[in-house]
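S.K.: Here you go, this is structure16.json (JSON, C-alpha atoms).
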```json
[["chain", "number", "residue", "atom", "x", "y", "z"],
["T", 1451, "MET", "CA", 173.43, 112.48, 24.94],
["T", 1452, "ALA", "CA", 170.65, 111.01, 22.76],
["T", 1453, "ASN", "CA", 171.66, 107.41, 23.51],
["T", 1454, "SER", "CA", 171.80, 108.25, 27.22],
["T", 1455, "LEU", "CA", 168.13, 109.29, 27.13],
["T", 1456, "THR", "CA", 167.25, 106.08, 25.33],
["T", 1457, "ILE", "CA", 169.14, 103.99, 27.88],
["T", 1458, "LEU", "CA", 167.29, 105.80, 30.68],
["T", 1459, "ARG", "CA", 164.00, 104.82, 29.00],
["T", 1460, "ILE", "CA", 165.15, 101.19, 28.87],
["T", 1461, "ILE", "CA", 166.24, 101.20, 32.52],
["T", 1462, "PHE", "CA", 163.25, 103.05, 34.01],
["T", 1463, "SER", "CA", 160.37, 101.61, 31.94],
["T", 1464, "PRO", "CA", 160.12, 98.46, 34.10],
["T", 1465, "LEU", "CA", 159.38, 100.70, 37.10],
["T", 1466, "LEU", "CA", 155.92, 101.17, 35.58],
["T", 1467, "LEU", "CA", 155.26, 97.56, 36.58],
["T", 1468, "ILE", "CA", 155.55, 98.32, 40.29],
["T", 1469, "LEU", "CA", 153.60, 101.59, 40.31],
["T", 1470, "ASN", "CA", 149.84, 101.76, 40.69],
["T", 1471, "PRO", "CA", 148.54, 102.04, 37.10],
["T", 1472, "LEU", "CA", 147.12, 105.45, 36.26],
["T", 1473, "SER", "CA", 148.21, 106.98, 39.57],
["T", 1474, "LEU", "CA", 149.99, 110.33, 39.61],
["T", 1475, "SER", "CA", 153.39, 108.64, 40.04],
["T", 1476, "PHE", "CA", 152.65, 106.24, 37.17],
["T", 1477, "ASP", "CA", 151.41, 109.02, 34.88],
["T", 1478, "THR", "CA", 154.39, 111.24, 35.72],
["T", 1479, "LEU", "CA", 156.95, 108.52, 34.98],
["T", 1480, "TYR", "CA", 154.99, 107.49, 31.89],
["T", 1481, "ILE", "CA", 155.02, 111.04, 30.51],
["T", 1482, "LEU", "CA", 158.73, 111.48, 31.28],
["T", 1483, "LEU", "CA", 159.61, 108.21, 29.57],
["T", 1484, "GLY", "CA", 157.56, 109.24, 26.56],
["T", 1485, "LEU", "CA", 159.41, 112.54, 26.41],
["T", 1486, "THR", "CA", 162.74, 110.69, 26.31],
["T", 1487, "ASP", "CA", 161.46, 108.90, 23.22],
["T", 1488, "ILE", "CA", 160.70, 112.21, 21.52],
["T", 1489, "LEU", "CA", 163.86, 113.96, 22.66],
["T", 1490, "ASP", "CA", 166.42, 111.26, 21.87],
["T", 1491, "GLY", "CA", 165.72, 111.33, 18.14],
["T", 1492, "PHE", "CA", 165.41, 115.10, 18.07],
["T", 1493, "ILE", "CA", 168.74, 115.56, 19.84],
["T", 1494, "ALA", "CA", 170.48, 112.96, 17.66],
["T", 1495, "ARG", "CA", 169.29, 114.71, 14.47],
["T", 1496, "LYS", "CA", 170.11, 118.22, 15.71],
["T", 1497, "THR", "CA", 173.59, 117.25, 16.89],
["T", 1498, "LYS", "CA", 174.18, 115.05, 13.84],
["T", 1499, "THR", "CA", 174.90, 112.06, 16.07],
["T", 1500, "THR", "CA", 172.39, 109.61, 14.59],
["T", 1501, "SER", "CA", 173.74, 106.08, 14.40],
["T", 1502, "LYS", "CA", 172.74, 102.50, 13.76],
["T", 1503, "LEU", "CA", 173.35, 101.79, 17.44],
["T", 1504, "GLY", "CA", 171.07, 104.68, 18.40],
["T", 1505, "SER", "CA", 168.34, 103.35, 16.12],
["T", 1506, "ILE", "CA", 168.61, 99.87, 17.62],
["T", 1507, "LEU", "CA", 168.64, 101.25, 21.18],
["T", 1508, "ASP", "CA", 165.58, 103.38, 20.34],
["T", 1509, "SER", "CA", 163.71, 100.33, 19.06],
["T", 1510, "ILE", "CA", 164.67, 98.35, 22.18],
["T", 1511, "GLY", "CA", 163.59, 101.30, 24.33],
["T", 1512, "ASP", "CA", 160.26, 101.44, 22.49],
["T", 1513, "ILE", "CA", 159.69, 97.72, 23.01],
["T", 1514, "VAL", "CA", 160.58, 97.80, 26.73],
["T", 1515, "PHE", "CA", 158.49, 100.95, 27.32],
["T", 1516, "CYS", "CA", 155.51, 99.63, 25.37],
["T", 1517, "ALA", "CA", 155.66, 96.17, 26.95],
["T", 1518, "SER", "CA", 156.03, 97.56, 30.49],
["T", 1519, "SER", "CA", 153.16, 99.98, 29.93],
["T", 1520, "PHE", "CA", 150.91, 97.32, 28.42],
["T", 1521, "ILE", "CA", 151.59, 94.77, 31.16],
["T", 1522, "ALA", "CA", 150.94, 97.40, 33.84],
["T", 1523, "ILE", "CA", 147.78, 98.82, 32.30],
["T", 1524, "TYR", "CA", 146.11, 95.78, 30.68],
["T", 1525, "PRO", "CA", 144.59, 94.38, 33.91],
["T", 1526, "THR", "CA", 142.80, 97.71, 34.49],
["T", 1527, "LEU", "CA", 141.23, 97.76, 31.01],
["T", 1528, "GLU", "CA", 137.70, 96.74, 30.26],
["T", 1529, "LEU", "CA", 138.23, 95.24, 26.80],
["T", 1530, "ASN", "CA", 135.99, 92.67, 25.16],
["T", 1531, "ALA", "CA", 137.51, 89.34, 24.15],
["T", 1532, "TYR", "CA", 137.59, 90.22, 20.45],
["T", 1533, "ILE", "CA", 139.77, 93.27, 21.07],
["T", 1534, "SER", "CA", 142.15, 91.19, 23.19],
["T", 1535, "LEU", "CA", 142.34, 88.59, 20.41],
["T", 1536, "PHE", "CA", 142.94, 91.38, 17.85],
["T", 1537, "ILE", "CA", 145.82, 92.70, 19.98],
["T", 1538, "ALA", "CA", 147.32, 89.20, 20.31],
["T", 1539, "ILE", "CA", 147.17, 88.68, 16.52],
["T", 1540, "ILE", "CA", 148.92, 92.00, 15.89],
["T", 1541, "PHE", "CA", 151.59, 91.10, 18.44],
["T", 1542, "MET", "CA", 152.18, 87.77, 16.71],
["T", 1543, "LEU", "CA", 152.35, 89.50, 13.32],
["T", 1544, "ARG", "CA", 155.01, 91.87, 14.71],
["T", 1545, "VAL", "CA", 157.02, 88.91, 15.99],
["T", 1546, "VAL", "CA", 156.75, 87.18, 12.60],
["T", 1547, "ASN", "CA", 157.96, 90.37, 10.90],
["T", 1548, "ILE", "CA", 160.99, 90.51, 13.19],
["T", 1549, "ILE", "CA", 161.81, 86.83, 12.63],
["T", 1550, "VAL", "CA", 161.38, 87.02, 8.85],
["T", 1551, "GLY", "CA", 163.42, 90.23, 8.72],
["T", 1552, "TYR", "CA", 166.21, 88.55, 10.64],
["T", 1553, "ILE", "CA", 166.15, 85.46, 8.43],
["T", 1554, "LYS", "CA", 166.12, 87.46, 5.18],
["T", 1555, "GLU", "CA", 168.61, 90.18, 6.16],
["T", 1556, "LYS", "CA", 170.72, 88.32, 8.76],
["T", 1557, "LYS", "CA", 170.17, 91.26, 11.11],
["T", 1558, "LEU", "CA", 167.47, 92.76, 13.28],
["T", 1559, "ILE", "CA", 165.06, 94.79, 11.14],
["T", 1560, "LEU", "CA", 162.97, 97.33, 13.04],
["T", 1561, "LEU", "CA", 161.44, 99.82, 10.63],
["T", 1562, "HIS", "CA", 160.60, 103.39, 11.63],
["T", 1563, "THR", "CA", 157.80, 103.90, 9.11],
["T", 1564, "ILE", "CA", 155.16, 106.61, 9.39],
["T", 1565, "PRO", "CA", 152.43, 104.06, 10.25],
["T", 1566, "ASN", "CA", 154.71, 102.59, 12.96],
["T", 1567, "LYS", "CA", 155.30, 106.09, 14.35],
["T", 1568, "ALA", "CA", 151.53, 106.79, 14.26],
["T", 1569, "THR", "CA", 150.92, 103.53, 16.14],
["T", 1570, "GLY", "CA", 153.52, 104.51, 18.73],
["T", 1571, "PHE", "CA", 151.97, 107.96, 19.17],
["T", 1572, "LEU", "CA", 148.47, 106.52, 19.62],
["T", 1573, "LEU", "CA", 149.79, 103.91, 22.04],
["T", 1574, "TYR", "CA", 151.49, 106.67, 24.00],
["T", 1575, "LEU", "CA", 148.25, 108.66, 24.25],
["T", 1576, "PHE", "CA", 146.14, 105.63, 25.18],
["T", 1577, "PRO", "CA", 146.76, 105.52, 28.97],
["T", 1578, "LEU", "CA", 146.38, 109.29, 29.17],
["T", 1579, "THR", "CA", 142.88, 109.10, 27.65],
["T", 1580, "LEU", "CA", 141.44, 106.13, 29.55],
["T", 1581, "ASN", "CA", 139.23, 108.33, 31.72],
["T", 1582, "PHE", "CA", 137.75, 110.15, 28.71],
["T", 1583, "ILE", "CA", 137.33, 107.66, 25.86],
["T", 1584, "SER", "CA", 135.85, 104.16, 25.76],
["T", 1585, "HIS", "CA", 138.57, 101.55, 26.24],
["T", 1586, "ASP", "CA", 137.15, 99.38, 23.44],
["T", 1587, "LEU", "CA", 136.90, 102.29, 21.00],
["T", 1588, "SER", "CA", 140.43, 103.51, 21.71],
["T", 1589, "ALA", "CA", 141.89, 100.01, 21.55],
["T", 1590, "THR", "CA", 140.08, 99.27, 18.28],
["T", 1591, "VAL", "CA", 141.39, 102.43, 16.60],
["T", 1592, "ILE", "CA", 144.94, 101.79, 17.81],
["T", 1593, "ALA", "CA", 144.76, 98.12, 16.82],
["T", 1594, "GLY", "CA", 143.53, 99.10, 13.35],
["T", 1595, "VAL", "CA", 146.46, 101.47, 12.84],
["T", 1596, "ALA", "CA", 148.87, 98.89, 14.29],
["T", 1597, "LEU", "CA", 147.50, 96.22, 11.94],
["T", 1598, "TYR", "CA", 147.98, 98.53, 8.96],
["T", 1599, "ALA", "CA", 151.53, 99.32, 10.14],
["T", 1600, "SER", "CA", 152.33, 95.63, 10.68],
["T", 1601, "ILE", "CA", 151.04, 94.59, 7.26],
["T", 1602, "GLY", "CA", 152.97, 97.43, 5.60],
["T", 1603, "GLU", "CA", 156.09, 96.51, 7.52],
["T", 1604, "GLY", "CA", 155.67, 92.86, 6.55],
["T", 1605, "TYR", "CA", 155.30, 93.85, 2.90],
["T", 1606, "LEU", "CA", 158.53, 95.87, 3.03],
["T", 1607, "ILE", "CA", 160.41, 93.06, 4.77],
["T", 1608, "TRP", "CA", 159.14, 90.29, 2.46],
["T", 1609, "ASN", "CA", 160.02, 92.36, -0.62],
["T", 1610, "GLY", "CA", 163.46, 93.38, 0.60],
["T", 1611, "LYS", "CA", 162.59, 97.10, 0.79],
["T", 1612, "THR", "CA", 163.97, 97.71, 4.28],
["T", 1613, "LYS", "CA", 166.72, 100.17, 3.39]]
```
Could you write out this structure as structure tokens?

M.R.:
Amino acid sequence: MANSLTILRIIFSPLLLILNPLSLSFDTLYILLGLTDILDGFIARKTKTTSKLGSILDSIGDIVFCASSFIAIYPTLELNAYISLFIAIIFMLRVVNIIVGYIKEKKLILLHTIPNKATGFLLYLFPLTLNFISHDLSATVIAGVALYASIGEGYLIWNGKTK
């Protein structure tokens, strides 16, 4: 059941790319996809069906959901160039962490640390707050947390503390 929710998130996230960003249909699908992210882990823990496959699927689902959301919403944002550069640097740092983790461990390393979860939560809230909070302020706060999470993740990967 939990993996089914995750697979639904993977399949339906790209639909965000064809919906009008921040429309009712976009927001509804966005909220539902976010709920699948919350529910899949909860269900897996409650039913004692957590697995390595489920963890990998969840990470893939997070990446597809986040990427689809970002690509759909980014053109509507009013961010200054420095924020965009900051986001690009964090993205590259994440990619480096994944590559280094794979080289060191000979497997895909996607850590579910508290800072990574906090980043995910803030990223999830971001589109839902665009009408209330400055885009630059929100993006700066999220990017700061994401940078902290990425550096911490890199530290764990480089020092072999991924288990």

S.K.: Find the residues near Ser1519 of chain T: any atom within 8 Å, counting all atoms listed in the file, skip ones fewer than 4 places away on the same chain, and give them as a PDB file with C-alpha atoms, in the frame of the given file.

M.R.:
```
ATOM      1  CA  SER T1463     160.370 101.610  31.940  1.00  0.00           C
ATOM      2  CA  LEU T1466     155.920 101.170  35.580  1.00  0.00           C
ATOM      3  CA  LEU T1467     155.260  97.560  36.580  1.00  0.00           C
ATOM      4  CA  TYR T1480     154.990 107.490  31.890  1.00  0.00           C
ATOM      5  CA  PHE T1515     158.490 100.950  27.320  1.00  0.00           C
ATOM      6  CA  ILE T1523     147.780  98.820  32.300  1.00  0.00           C
TER       7      ILE T1523
END
```

S.K.: What is the atom CA of Phe1541 of chain T to atom CA of Phe1492 of chain T distance in Å?

M.R.: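 Going from atom CA of Phe1541 of chain T over to atom CA of Phe1492 of chain T covers 27.7 Å.
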
S.K.: Hey, what's within 12 Å of Asn1547 of chain T if we count all atoms listed in the file and toss same-chain stuff fewer than 6 positions away? As an NGL selection string, please?

M.R.: :T and (1540-1541 or 1553-1555 or 1558-1561 or 1599-1609 or 1612)

S.K.: Could you write out the selected residues, including C-alpha atoms, as a PDB file, keeping the file's coordinate frame?

M.R.:
```pdb
ATOM      1  CA  ILE T1540     148.920  92.000  15.890  1.00  0.00           C
ATOM      2  CA  PHE T1541     151.590  91.100  18.440  1.00  0.00           C
ATOM      3  CA  ILE T1553     166.150  85.460   8.430  1.00  0.00           C
ATOM      4  CA  LYS T1554     166.120  87.460   5.180  1.00  0.00           C
ATOM      5  CA  GLU T1555     168.610  90.180   6.160  1.00  0.00           C
ATOM      6  CA  LEU T1558     167.470  92.760  13.280  1.00  0.00           C
ATOM      7  CA  ILE T1559     165.060  94.790  11.140  1.00  0.00           C
ATOM      8  CA  LEU T1560     162.970  97.330  13.040  1.00  0.00           C
ATOM      9  CA  LEU T1561     161.440  99.820  10.630  1.00  0.00           C
ATOM     10  CA  ALA T1599     151.530  99.320  10.140  1.00  0.00           C
ATOM     11  CA  SER T1600     152.330  95.630  10.680  1.00  0.00           C
ATOM     12  CA  ILE T1601     151.040  94.590   7.260  1.00  0.00           C
ATOM     13  CA  GLY T1602     152.970  97.430   5.600  1.00  0.00           C
ATOM     14  CA  GLU T1603     156.090  96.510   7.520  1.00  0.00           C
ATOM     15  CA  GLY T1604     155.670  92.860   6.550  1.00  0.00           C
ATOM     16  CA  TYR T1605     155.300  93.850   2.900  1.00  0.00           C
ATOM     17  CA  LEU T1606     158.530  95.870   3.030  1.00  0.00           C
ATOM     18  CA  ILE T1607     160.410  93.060   4.770  1.00  0.00           C
ATOM     19  CA  TRP T1608     159.140  90.290   2.460  1.00  0.00           C
ATOM     20  CA  ASN T1609     160.020  92.360  -0.620  1.00  0.00           C
ATOM     21  CA  THR T1612     163.970  97.710   4.280  1.00  0.00           C
TER      22      THR T1612
END
```

S.K.: Env of Ile1506 of chain T: 12 Å cut, atoms = all atoms listed in the file, seq-sep filter 2 positions within chain, self excluded. Answer as a PyMOL selection string.

M.R.: chain T and resi 1453+1456-1457+1460+1491+1500-1504+1508-1513+1557-1562

S.K.: Determine, counting all atoms listed in the file, every residue of protein, DNA or RNA that lies within 12 Å of (148.9, 106.1, 17.2) in the file coordinates, then give the result as a count of residues only.

M.R.: 26

S.K.: For atom CA of Ala1522 of chain T and atom CA of Leu1535 of chain T, quote the distance in Å rounded to one decimal.

M.R.: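 So the answer is 18.2 Å.
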
S.K.: Do you know which residues are at most 10 Å from Leu1489 of chain T counting only C-alpha atoms, after dropping those on the same chain fewer than 4 positions away, and could you put them as a PyMOL selection string?

M.R.: chain T and resi 1451-1452+1455-1456+1483-1485+1493-1495

S.K.: Of the candidates T:Leu1529, T:Leu1507, T:Ile1548, T:Ile1521, which shows the shortest atom-to-atom distance to Leu1465 of chain T, using all atoms listed in the file?

M.R.: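 Of the candidates, the smallest distance to Leu1465 of chain T is held by T:Ile1521.
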
S.K.: How many Å separate atom CA of Ile1461 of chain T from atom CA of Leu1578 of chain T?

M.R.: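 Pair atom CA of Ile1461 of chain T / atom CA of Leu1578 of chain T returns 21.7 Å.
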